[in-house]
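query09.cif (mmCIF, C-alpha atoms (C1' of nucleotides)) appears below.
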data_target
loop_
_atom_site.label_atom_id
_atom_site.label_comp_id
_atom_site.auth_asym_id
_atom_site.auth_seq_id
_atom_site.Cartn_x
_atom_site.Cartn_y
_atom_site.Cartn_z
CA MET A 1 12.42 -43.46 -22.67
CA SER A 2 10.81 -41.03 -25.10
CA ALA A 3 12.81 -38.96 -27.51
CA GLU A 4 10.25 -36.21 -27.94
CA PRO A 5 11.49 -32.66 -27.63
CA VAL A 6 10.56 -30.74 -24.51
CA GLU A 7 8.35 -27.94 -25.74
CA THR A 8 7.86 -25.93 -22.59
CA HIS A 9 8.94 -22.31 -23.03
CA SER A 10 10.14 -22.93 -26.54
CA LEU A 11 9.45 -20.32 -29.18
CA ASP A 12 7.21 -21.22 -32.09
CA SER A 13 7.73 -19.73 -35.52
CA GLU A 14 5.18 -17.02 -34.92
CA SER A 15 6.80 -15.78 -31.75
CA ARG A 16 10.23 -15.88 -33.34
CA ALA A 17 8.85 -13.66 -36.07
CA ARG A 18 7.73 -11.24 -33.38
CA GLY A 19 11.26 -10.96 -32.05
CA GLY A 20 11.23 -13.75 -29.52
CA HIS A 21 8.34 -12.32 -27.55
CA ALA A 22 5.61 -14.94 -27.29
CA ASP A 23 1.99 -13.96 -26.73
CA HIS A 24 0.79 -14.55 -23.18
CA LYS A 25 -2.40 -12.54 -23.00
CA ALA A 26 -4.28 -15.25 -21.12
CA GLU A 27 -1.84 -15.19 -18.21
CA LEU A 28 -1.90 -11.40 -18.18
CA ARG A 29 -5.68 -11.29 -18.09
CA LEU A 30 -5.68 -13.85 -15.31
CA TRP A 31 -3.29 -11.76 -13.27
CA LEU A 32 -5.32 -8.60 -13.78
CA ARG A 33 -8.53 -10.34 -12.80
CA MET A 34 -6.92 -11.81 -9.69
CA LEU A 35 -5.61 -8.39 -8.75
CA THR A 36 -9.00 -6.77 -9.27
CA CYS A 37 -10.67 -9.41 -7.12
CA THR A 38 -8.19 -8.99 -4.30
CA THR A 39 -8.25 -5.20 -4.47
CA MET A 40 -12.03 -5.14 -4.27
CA ILE A 41 -12.17 -7.50 -1.30
CA GLU A 42 -9.35 -5.79 0.52
CA GLY A 43 -10.95 -2.38 0.03
CA GLU A 44 -14.29 -3.59 1.27
CA ILE A 45 -12.84 -5.24 4.38
CA ARG A 46 -10.66 -2.22 5.10
CA ARG A 47 -13.68 0.08 4.88
CA ARG A 48 -15.73 -2.12 7.19
CA MET A 49 -12.89 -2.54 9.70
CA ARG A 50 -12.54 1.18 9.82
CA ASP A 51 -16.25 2.00 10.09
CA ARG A 52 -17.02 -0.67 12.63
CA PHE A 53 -13.88 -0.97 14.75
CA VAL A 54 -11.71 2.05 13.95
CA ILE A 55 -8.74 -0.15 13.12
CA THR A 56 -6.62 -0.52 10.02
CA LEU A 57 -6.31 -3.78 8.11
CA PRO A 58 -2.54 -4.14 8.65
CA ARG A 59 -3.02 -3.90 12.41
CA PHE A 60 -5.81 -6.46 12.32
CA ASP A 61 -3.66 -8.77 10.21
CA LEU A 62 -0.78 -8.48 12.63
CA MET A 63 -3.02 -9.31 15.55
CA ALA A 64 -4.35 -12.33 13.66
CA GLN A 65 -0.81 -13.68 13.34
CA LEU A 66 -0.41 -13.47 17.10
CA GLU A 67 -3.74 -14.88 18.12
CA ARG A 68 -2.87 -18.56 18.49
CA THR A 69 0.64 -17.98 19.77
CA PRO A 70 0.46 -17.35 23.52
CA ASP A 71 4.22 -17.21 23.89
CA GLY A 72 4.46 -14.51 21.27
CA MET A 73 6.61 -14.22 18.20
CA THR A 74 9.64 -12.23 17.20
CA LEU A 75 9.36 -9.24 14.90
CA GLY A 76 11.35 -11.11 12.28
CA GLU A 77 8.95 -14.00 12.26
CA LEU A 78 6.01 -11.60 12.01
CA SER A 79 7.75 -9.96 9.07
CA ARG A 80 8.18 -13.27 7.25
CA ARG A 81 4.64 -14.46 7.89
CA MET A 82 3.04 -11.19 6.89
CA MET A 83 5.36 -10.87 3.89
CA VAL A 84 6.20 -7.27 4.70
CA SER A 85 9.50 -5.59 5.50
CA ASN A 86 11.09 -5.57 8.95
CA GLY A 87 10.80 -1.83 9.27
CA ASN A 88 7.12 -2.01 8.52
CA VAL A 89 6.58 -4.45 11.36
CA THR A 90 8.49 -2.23 13.76
CA GLY A 91 6.10 0.64 13.07
CA LEU A 92 2.93 -1.46 13.27
CA VAL A 93 4.03 -3.04 16.55
CA ASP A 94 4.90 0.34 18.03
CA ARG A 95 1.46 1.70 17.26
CA LEU A 96 -0.33 -1.38 18.58
CA VAL A 97 1.70 -1.28 21.79
CA THR A 98 0.73 2.37 22.23
CA GLU A 99 -2.90 1.33 21.85
CA GLY A 100 -2.47 -1.26 24.59
CA LEU A 101 -3.28 -4.19 22.29
CA LEU A 102 0.25 -5.63 22.17
CA GLN A 103 3.12 -6.13 24.57
CA ARG A 104 6.76 -6.59 23.66
CA ARG A 105 9.63 -7.98 25.68
CA GLN A 106 13.26 -8.52 24.88
CA SER A 107 14.36 -12.15 24.60
CA ASP A 108 16.66 -13.36 27.36
CA ALA A 109 18.34 -15.94 25.18
CA ASP A 110 19.03 -13.53 22.31
CA ARG A 111 19.17 -9.92 23.30
CA ARG A 112 18.69 -8.78 19.71
CA ALA A 113 15.28 -10.41 19.47
CA HIS A 114 12.01 -9.01 20.77
CA TYR A 115 8.96 -11.14 21.42
CA VAL A 116 5.56 -9.65 20.80
CA SER A 117 2.21 -10.94 22.00
CA LEU A 118 -1.39 -9.80 22.41
CA THR A 119 -2.39 -8.27 25.72
CA GLU A 120 -5.62 -9.37 27.34
CA ALA A 121 -7.28 -6.34 25.86
CA GLY A 122 -5.79 -7.32 22.52
CA HIS A 123 -7.17 -10.84 22.72
CA ALA A 124 -10.61 -9.56 23.67
CA ALA A 125 -10.67 -6.95 20.91
CA PHE A 126 -9.44 -9.44 18.34
CA ALA A 127 -12.08 -12.04 19.22
CA VAL A 128 -14.86 -9.57 18.53
CA MET A 129 -13.34 -8.28 15.31
CA ALA A 130 -12.42 -11.71 13.96
CA ALA A 131 -15.95 -13.03 14.32
CA GLU A 132 -17.38 -10.22 12.25
CA HIS A 133 -14.52 -10.34 9.81
CA GLU A 134 -15.29 -13.98 9.15
CA ASP A 135 -18.92 -13.14 8.48
CA TRP A 136 -17.93 -10.41 6.06
CA VAL A 137 -15.68 -12.72 4.10
CA ALA A 138 -18.36 -15.39 4.05
CA ASP A 139 -20.83 -12.90 2.63
CA LEU A 140 -18.38 -11.61 0.06
CA PHE A 141 -18.07 -15.19 -1.28
CA ALA A 142 -21.65 -16.18 -0.59
CA ASP A 143 -22.55 -16.67 -4.27
CA LEU A 144 -19.93 -19.37 -4.66
CA GLY A 145 -20.90 -22.94 -3.87
CA PRO A 146 -18.72 -25.37 -1.92
CA VAL A 147 -17.47 -26.98 -5.09
CA GLU A 148 -16.42 -23.65 -6.55
CA ILE A 149 -14.65 -22.74 -3.32
CA ASP A 150 -12.79 -26.04 -3.36
CA SER A 151 -11.80 -25.61 -6.98
CA LEU A 152 -10.56 -22.10 -6.34
CA MET A 153 -8.54 -23.31 -3.36
CA ARG A 154 -6.93 -26.01 -5.43
CA LEU A 155 -6.18 -23.80 -8.42
CA LEU A 156 -4.84 -20.96 -6.29
CA GLY A 157 -2.65 -23.52 -4.53
CA ALA A 158 -1.24 -24.54 -7.89
CA ALA A 159 -0.79 -20.90 -8.86
CA LYS A 160 1.04 -20.21 -5.61
CA ARG A 161 3.47 -23.05 -6.18
CA SER A 162 4.08 -21.84 -9.72
CA VAL A 163 4.82 -18.36 -8.44
CA GLN A 164 7.20 -19.70 -5.83
CA ARG A 165 9.05 -21.68 -8.47
CA SER A 166 9.29 -18.67 -10.74
CA SER A 167 10.44 -16.40 -7.92
CA ARG A 168 13.23 -18.76 -6.98
CA ASN A 169 14.28 -19.11 -10.59
CA PRO A 170 13.20 -16.09 -12.64
CA VAL A 171 13.26 -15.85 -16.41
CA PRO A 172 16.42 -14.14 -17.60
CA SER A 173 15.52 -10.73 -19.00
CA MET B 1 -42.91 -25.25 -8.79
CA SER B 2 -41.09 -26.49 -5.74
CA ALA B 3 -42.10 -25.53 -2.23
CA GLU B 4 -38.73 -26.12 -0.65
CA PRO B 5 -37.46 -23.44 1.70
CA VAL B 6 -34.62 -21.26 0.53
CA GLU B 7 -31.74 -22.17 2.77
CA THR B 8 -29.15 -19.62 1.69
CA HIS B 9 -27.86 -17.61 4.63
CA SER B 10 -30.16 -19.32 7.08
CA LEU B 11 -28.79 -20.43 10.43
CA ASP B 12 -28.79 -24.12 11.24
CA SER B 13 -29.26 -25.36 14.79
CA GLU B 14 -25.55 -25.62 15.37
CA SER B 15 -24.83 -22.04 14.40
CA ARG B 16 -27.76 -20.79 16.46
CA ALA B 17 -26.23 -22.56 19.45
CA ARG B 18 -23.02 -20.69 18.78
CA GLY B 19 -24.82 -17.37 19.10
CA GLY B 20 -25.82 -16.84 15.50
CA HIS B 21 -22.26 -16.98 14.20
CA ALA B 22 -22.03 -19.68 11.57
CA ASP B 23 -18.72 -21.31 10.74
CA HIS B 24 -17.20 -20.07 7.50
CA LYS B 25 -13.64 -21.28 7.69
CA ALA B 26 -13.57 -22.38 4.06
CA GLU B 27 -14.30 -18.87 2.79
CA LEU B 28 -11.75 -17.41 5.16
CA ARG B 29 -9.06 -19.83 4.01
CA LEU B 30 -9.92 -19.05 0.41
CA TRP B 31 -9.56 -15.33 1.03
CA LEU B 32 -6.21 -15.77 2.79
CA ARG B 33 -4.88 -17.94 0.01
CA MET B 34 -6.00 -15.48 -2.65
CA LEU B 35 -4.36 -12.67 -0.73
CA THR B 36 -1.12 -14.62 -0.36
CA CYS B 37 -1.06 -15.37 -4.07
CA THR B 38 -1.64 -11.76 -5.05
CA THR B 39 0.86 -10.43 -2.53
CA MET B 40 3.56 -12.77 -3.78
CA ILE B 41 3.00 -11.90 -7.42
CA GLU B 42 2.74 -8.18 -6.76
CA GLY B 43 5.93 -8.22 -4.71
CA GLU B 44 7.80 -10.12 -7.38
CA ILE B 45 6.66 -7.82 -10.18
CA ARG B 46 7.37 -4.73 -8.12
CA ARG B 47 10.88 -5.97 -7.41
CA ARG B 48 11.56 -6.72 -11.07
CA MET B 49 10.10 -3.41 -12.25
CA ARG B 50 12.34 -1.63 -9.83
CA ASP B 51 15.50 -3.59 -10.63
CA ARG B 52 15.03 -3.53 -14.35
CA PHE B 53 13.32 -0.20 -15.11
CA VAL B 54 13.58 1.89 -11.94
CA ILE B 55 9.85 2.47 -11.87
CA THR B 56 7.20 1.75 -9.29
CA LEU B 57 4.27 -0.54 -9.92
CA PRO B 58 1.59 2.14 -9.39
CA ARG B 59 3.24 4.31 -12.03
CA PHE B 60 3.41 1.41 -14.47
CA ASP B 61 -0.23 0.57 -13.79
CA LEU B 62 -1.26 4.14 -14.44
CA MET B 63 0.62 4.18 -17.72
CA ALA B 64 -1.05 0.91 -18.69
CA GLN B 65 -4.46 2.52 -18.27
CA LEU B 66 -3.46 5.25 -20.68
CA GLU B 67 -1.80 3.15 -23.31
CA ARG B 68 -4.71 2.50 -25.66
CA THR B 69 -6.36 5.87 -25.13
CA PRO B 70 -4.67 8.35 -27.44
CA ASP B 71 -7.06 11.15 -26.48
CA GLY B 72 -6.24 10.71 -22.84
CA MET B 73 -8.45 10.30 -19.84
CA THR B 74 -9.52 12.47 -16.94
CA LEU B 75 -8.05 12.00 -13.49
CA GLY B 76 -11.43 10.91 -12.21
CA GLU B 77 -11.71 8.15 -14.78
CA LEU B 78 -8.18 7.00 -13.95
CA SER B 79 -9.17 6.93 -10.30
CA ARG B 80 -12.20 4.76 -11.00
CA ARG B 81 -10.36 2.35 -13.27
CA MET B 82 -7.42 1.94 -10.96
CA MET B 83 -9.69 1.69 -7.93
CA VAL B 84 -7.66 4.20 -5.95
CA SER B 85 -8.57 7.58 -4.47
CA ASN B 86 -8.60 10.83 -6.41
CA GLY B 87 -5.84 12.33 -4.34
CA ASN B 88 -3.65 9.34 -5.01
CA VAL B 89 -4.03 9.80 -8.76
CA THR B 90 -3.17 13.48 -8.48
CA GLY B 91 0.16 12.59 -6.89
CA LEU B 92 1.00 9.78 -9.30
CA VAL B 93 0.20 11.97 -12.31
CA ASP B 94 2.29 14.84 -10.94
CA ARG B 95 5.31 12.60 -10.57
CA LEU B 96 4.90 11.03 -13.99
CA VAL B 97 4.55 14.46 -15.59
CA THR B 98 7.76 15.53 -13.86
CA GLU B 99 9.46 12.48 -15.35
CA GLY B 100 8.26 13.48 -18.82
CA LEU B 101 6.21 10.32 -19.30
CA LEU B 102 2.80 12.00 -19.07
CA GLN B 103 1.22 15.23 -20.22
CA ARG B 104 -1.86 16.88 -18.78
CA ARG B 105 -4.11 19.53 -20.24
CA GLN B 106 -7.19 21.22 -18.96
CA SER B 107 -10.43 20.33 -20.74
CA ASP B 108 -11.96 23.12 -22.79
CA ALA B 109 -15.50 21.84 -22.36
CA ASP B 110 -15.24 21.41 -18.58
CA ARG B 111 -12.63 23.56 -16.93
CA ARG B 112 -12.67 21.39 -13.81
CA ALA B 113 -11.49 18.35 -15.71
CA HIS B 114 -7.92 17.57 -16.71
CA TYR B 115 -7.06 15.13 -19.46
CA VAL B 116 -3.92 13.08 -19.08
CA SER B 117 -2.10 11.11 -21.77
CA LEU B 118 1.24 9.44 -22.40
CA THR B 119 3.95 11.51 -24.06
CA GLU B 120 5.92 9.96 -26.89
CA ALA B 121 8.62 9.11 -24.39
CA GLY B 122 5.93 7.59 -22.20
CA HIS B 123 4.63 5.42 -25.03
CA ALA B 124 8.12 4.25 -25.91
CA ALA B 125 9.04 3.48 -22.31
CA PHE B 126 5.77 1.67 -21.71
CA ALA B 127 6.13 -0.53 -24.79
CA VAL B 128 9.48 -1.84 -23.55
CA MET B 129 8.30 -2.38 -20.00
CA ALA B 130 5.00 -3.97 -20.97
CA ALA B 131 6.66 -6.60 -23.12
CA GLU B 132 8.87 -7.78 -20.29
CA HIS B 133 6.09 -7.48 -17.78
CA GLU B 134 4.02 -9.83 -19.88
CA ASP B 135 6.84 -12.35 -19.96
CA TRP B 136 7.25 -12.16 -16.20
CA VAL B 137 3.58 -12.83 -15.62
CA ALA B 138 3.64 -15.69 -18.11
CA ASP B 139 6.56 -17.25 -16.27
CA LEU B 140 4.93 -16.76 -12.88
CA PHE B 141 1.96 -18.81 -14.12
CA ALA B 142 3.97 -21.13 -16.33
CA ASP B 143 3.15 -24.27 -14.31
CA LEU B 144 -0.57 -23.84 -14.98
CA GLY B 145 -2.02 -25.39 -18.11
CA PRO B 146 -4.53 -23.64 -20.40
CA VAL B 147 -7.41 -25.48 -18.78
CA GLU B 148 -6.38 -24.41 -15.31
CA ILE B 149 -6.01 -20.82 -16.46
CA ASP B 150 -9.48 -20.90 -17.99
CA SER B 151 -10.97 -22.40 -14.85
CA LEU B 152 -9.30 -19.78 -12.70
CA MET B 153 -10.57 -17.02 -14.95
CA ARG B 154 -14.11 -18.33 -14.74
CA LEU B 155 -14.07 -18.89 -10.98
CA LEU B 156 -12.46 -15.53 -10.26
CA GLY B 157 -15.11 -13.95 -12.47
CA ALA B 158 -17.79 -15.56 -10.33
CA ALA B 159 -15.98 -14.45 -7.18
CA LYS B 160 -15.78 -10.90 -8.48
CA ARG B 161 -19.50 -10.78 -9.15
CA SER B 162 -20.20 -12.16 -5.69
CA VAL B 163 -18.01 -9.48 -4.13
CA GLN B 164 -19.74 -6.77 -6.13
CA ARG B 165 -23.12 -8.02 -4.96
CA SER B 166 -21.96 -8.12 -1.34
CA SER B 167 -20.40 -4.67 -1.55
CA ARG B 168 -23.61 -3.16 -2.88
CA ASN B 169 -25.66 -4.89 -0.21
CA PRO B 170 -23.54 -5.75 2.82
CA VAL B 171 -24.57 -8.03 5.67
CA PRO B 172 -25.97 -6.01 8.57
CA SER B 173 -23.53 -6.14 11.47
"C1'" DT C 1 -30.49 35.58 -13.34
"C1'" DC C 2 -29.12 33.50 -9.28
"C1'" DC C 3 -28.29 30.03 -6.19
"C1'" DA C 4 -28.08 25.45 -4.19
"C1'" DG C 5 -26.13 21.32 -4.99
"C1'" DA C 6 -23.14 18.34 -7.58
"C1'" DA C 7 -18.84 17.21 -9.71
"C1'" DA C 8 -13.61 17.37 -10.67
"C1'" DC C 9 -9.80 18.05 -8.69
"C1'" DT C 10 -6.26 19.33 -4.97
"C1'" DT C 11 -4.67 19.60 -0.40
"C1'" DT C 12 -3.86 17.84 4.17
"C1'" DA C 13 -2.91 14.74 7.91
"C1'" DG C 14 -1.84 10.46 9.05
"C1'" DG C 15 -0.74 5.83 8.32
"C1'" DC C 16 1.39 2.00 5.38
"C1'" DT C 17 5.31 0.36 2.72
"C1'" DT C 18 9.81 -0.42 0.87
"C1'" DA C 19 14.91 -0.39 0.31
"C1'" DA C 20 18.94 0.75 2.25
"C1'" DA C 21 21.85 2.20 5.92
"C1'" DA C 22 22.81 1.95 10.81
"C1'" DT C 23 23.07 -0.35 15.44
"C1'" DA C 24 23.50 -4.02 18.54
"C1'" DT C 25 24.20 -8.66 19.49
"C1'" DA C 26 25.47 -13.61 18.15
"C1'" DT C 27 28.10 -16.91 15.85
"C1'" DT C 28 31.93 -18.88 13.41
"C1'" DC C 29 36.37 -19.65 12.37
"C1'" DC C 30 41.18 -19.12 13.09
"C1'" DG D 1 40.30 -14.66 22.50
"C1'" DG D 2 39.50 -11.85 18.48
"C1'" DA D 3 38.17 -10.72 13.79
"C1'" DA D 4 34.94 -11.49 10.31
"C1'" DT D 5 30.45 -12.54 9.33
"C1'" DA D 6 25.65 -13.14 10.12
"C1'" DT D 7 21.30 -11.99 12.32
"C1'" DA D 8 17.52 -9.05 14.63
"C1'" DT D 9 15.93 -4.88 14.81
"C1'" DT D 10 15.54 0.20 14.10
"C1'" DT D 11 16.03 4.29 11.50
"C1'" DT D 12 15.69 7.08 7.39
"C1'" DA D 13 14.10 8.86 3.03
"C1'" DA D 14 10.91 8.54 -0.30
"C1'" DG D 15 6.79 7.12 -2.21
"C1'" DC D 16 1.96 5.11 -1.96
"C1'" DC D 17 -2.62 5.41 -0.04
"C1'" DT D 18 -6.92 6.90 2.17
"C1'" DA D 19 -10.47 9.90 4.17
"C1'" DA D 20 -11.92 14.26 4.72
"C1'" DA D 21 -11.90 19.06 3.92
"C1'" DG D 22 -11.22 22.74 0.60
"C1'" DT D 23 -11.40 25.10 -4.16
"C1'" DT D 24 -13.13 25.82 -8.58
"C1'" DT D 25 -16.42 25.03 -12.02
"C1'" DC D 26 -20.74 23.25 -13.79
"C1'" DT D 27 -25.82 22.27 -13.78
"C1'" DG D 28 -30.57 22.50 -12.88
"C1'" DG D 29 -34.24 24.62 -11.05
"C1'" DA D 30 -36.86 28.92 -8.92
#

Can you give me the file's structure in the form of structure tokens?
Amino acid sequence: MSAEPVETHSLDSESRARGGHADHKAELRLWLRMLTCTTMIEGEIRRRMRDRFVITLPRFDLMAQLERTPDGMTLGELSRRMMVSNGNVTGLVDRLVTEGLLQRRQSDADRRAHYVSLTEAGHAAFAVMAAEHEDWVADLFADLGPVEIDSLMRLLGAAKRSVQRSSRNPVPS
Amino acid sequence: MSAEPVETHSLDSESRARGGHADHKAELRLWLRMLTCTTMIEGEIRRRMRDRFVITLPRFDLMAQLERTPDGMTLGELSRRMMVSNGNVTGLVDRLVTEGLLQRRQSDADRRAHYVSLTEAGHAAFAVMAAEHEDWVADLFADLGPVEIDSLMRLLGAAKRSVQRSSRNPVPS
DNA sequence: TCCAGAAACTTTAGGCTTAAAATATATTCC
DNA sequence: GGAATATATTTTAAGCCTAAAGTTTCTGGA
């Protein structure tokens, strides 16, 4: 057993001199760069979805959640998977049902719950859009080699776990 | 000089058999993971900003753009830097001016342009919020070591350049 | 000078998004 | 069984966001 002090999150003399606020510019720059990256990609895909298929990204994303689930999914589960609020899902589903791309039915077992699934038209439309979407994403990342993609996957996986840990147990402020 | 064919973006026999649609699942998974990461972090920061300072993230982001620019900035430049539409900036600025955190004045040289800058109250409020914000981000990434942070920075930089290239010159669809 | 086009900004219409309150149904515990 | 609690969803109010159209001002030729 080692008797070394645990140094994680401890304040060095410099940060104590600054009033207990340590310098974390590297993490901040990382976050800003990640946000820029995501914003650029999201904007580009949204623009293309709109120009090519006259659909919004949130609607496409919702359809993607439903694609491999023939039996459908409840609104609550959609909300959790998409990481958006319940009310948001209600509105998106309503609009997609109006467009004939989704169908909803009340659960027999639990009358509070509503199952949602793609209609045939929805499946057909999604297949076409998803194929192009995949090509767009591939082209957006085309300058990265397989090794870089793997590294990014691994590092973003680590980042995700760190974020989950921090969200469960936030720093006291 | 080598005479090898350039293989980037070419279709192999398998993808030709699939109708010219090559398989790019790795890129797609990378994009989804990046989006998940960003969404989680953004949600967490938004929640904390709201709970702790009763401010929205877009307003904080706008203030951050103005912090180190004592002479202020035009709405158009804010729009470009924040990567949001002009109309969006107009609304955000209006609300921040109403709150007394921002001031706007018409340019003398170009009467179309409006310069926006933080008020003293805005500077003071931002300083407090930015310090905590930095700590939150540091904690969100606390499980990553310096090497991992550097690698992520580098790889996201490469990704960003790839996205810029693809946005300028999109795949024909 | 004048005017056509560009640029900076605002407005508008519509959709996305959240948090919080409301409604309806299930479950648990006594 | 019945009350309290929890869960699934919808509704509401407010704000964010975009694309497109509109207004005002500037700029560069003819």

Fill in: Residues in the PyMOL selection byres ((chain C) within 9 of (chain A)), expressed as a ChimeraX atom specification
/C:15-18,24-26

Worksheet item: Applied to the shown file, which residues does the PyMOL selection byres ((chain D and resi 2) around 12) return, written as a count of residues only?
Response: 6

Item to complete: For Ala127 of chain B, list every protein, DNA or RNA residue within 12 Å, evaluated using all atoms listed in the file, and leave out those in the same chain fewer than 3 positions away; present the list as a list in words.
Response: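 After dropping sequence-adjacent residues, the list is Phe60, Met63, Ala64, Leu66, Glu67, Arg68, Leu118, Glu120, Ala121, Gly122, His123, Ala124, Ala130, Ala131, Glu132, His133 and Glu134 of chain B.
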
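Reported to one decimal place, the separation of atom C1' of DA6 of chain D from atom CA of Arg48 of chain B is 26.2 Å.
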
Written as a compact mmCIF listing (two decimals) with C-alpha atoms (C1' of nucleotides), in the frame of the given file, which residues does the PyMOL selection byres ((chain D) within 8 of (chain A)) give for the file shown?
# COMPACT_ATOMS: atom_id res chain seq x y z
C1' DA D 8 17.52 -9.05 14.63
C1' DT D 9 15.93 -4.88 14.81
C1' DT D 10 15.54 0.20 14.10

Worksheet item: Using all atoms listed in the file, which residues sit within 7 Å of segment 158-168 of chain A once same-chain residues fewer than 6 positions away are excluded, as a PyMOL selection string?
Response: chain B and resi 37+41+44+139-144

Discussion item. For a test of reading the model, state the distance in Å between atom C1' of DA21 of chain C and atom C1' of DT7 of chain D, rounded to one decimal.
Written reply: 15.6 Å

Worksheet item: Please, what distance in Å, to one decimal, runs between atom CA of Ser151 of chain A and atom CA of Leu155 of chain B?
Response: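 So the two atoms, atom CA of Ser151 of chain A and atom CA of Leu155 of chain B, lie 8.1 Å apart.
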
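Each of B:Asn169, B:Ser79, B:Thr69, B:Gln106 was compared to chain A using only C-alpha atoms, and B:Asn169 turns out to be the nearest.
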
Discussion item. I'd like the neighbourhood of DC3 of chain C as an NGL selection string, where a residue qualifies if any of its atoms comes within 12 Å (using only C-alpha atoms (C1' of nucleotides)), though same-chain residues fewer than 3 positions away should be ignored.
Written reply: :D and (27-30)

Worksheet item: Which of these, A:Asp108, A:Glu77, A:Asp150, A:Glu99, has the shortest distance to chain B once you count all atoms listed in the file?
Response: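 So, comparing all the options, the nearest one is A:Asp150.
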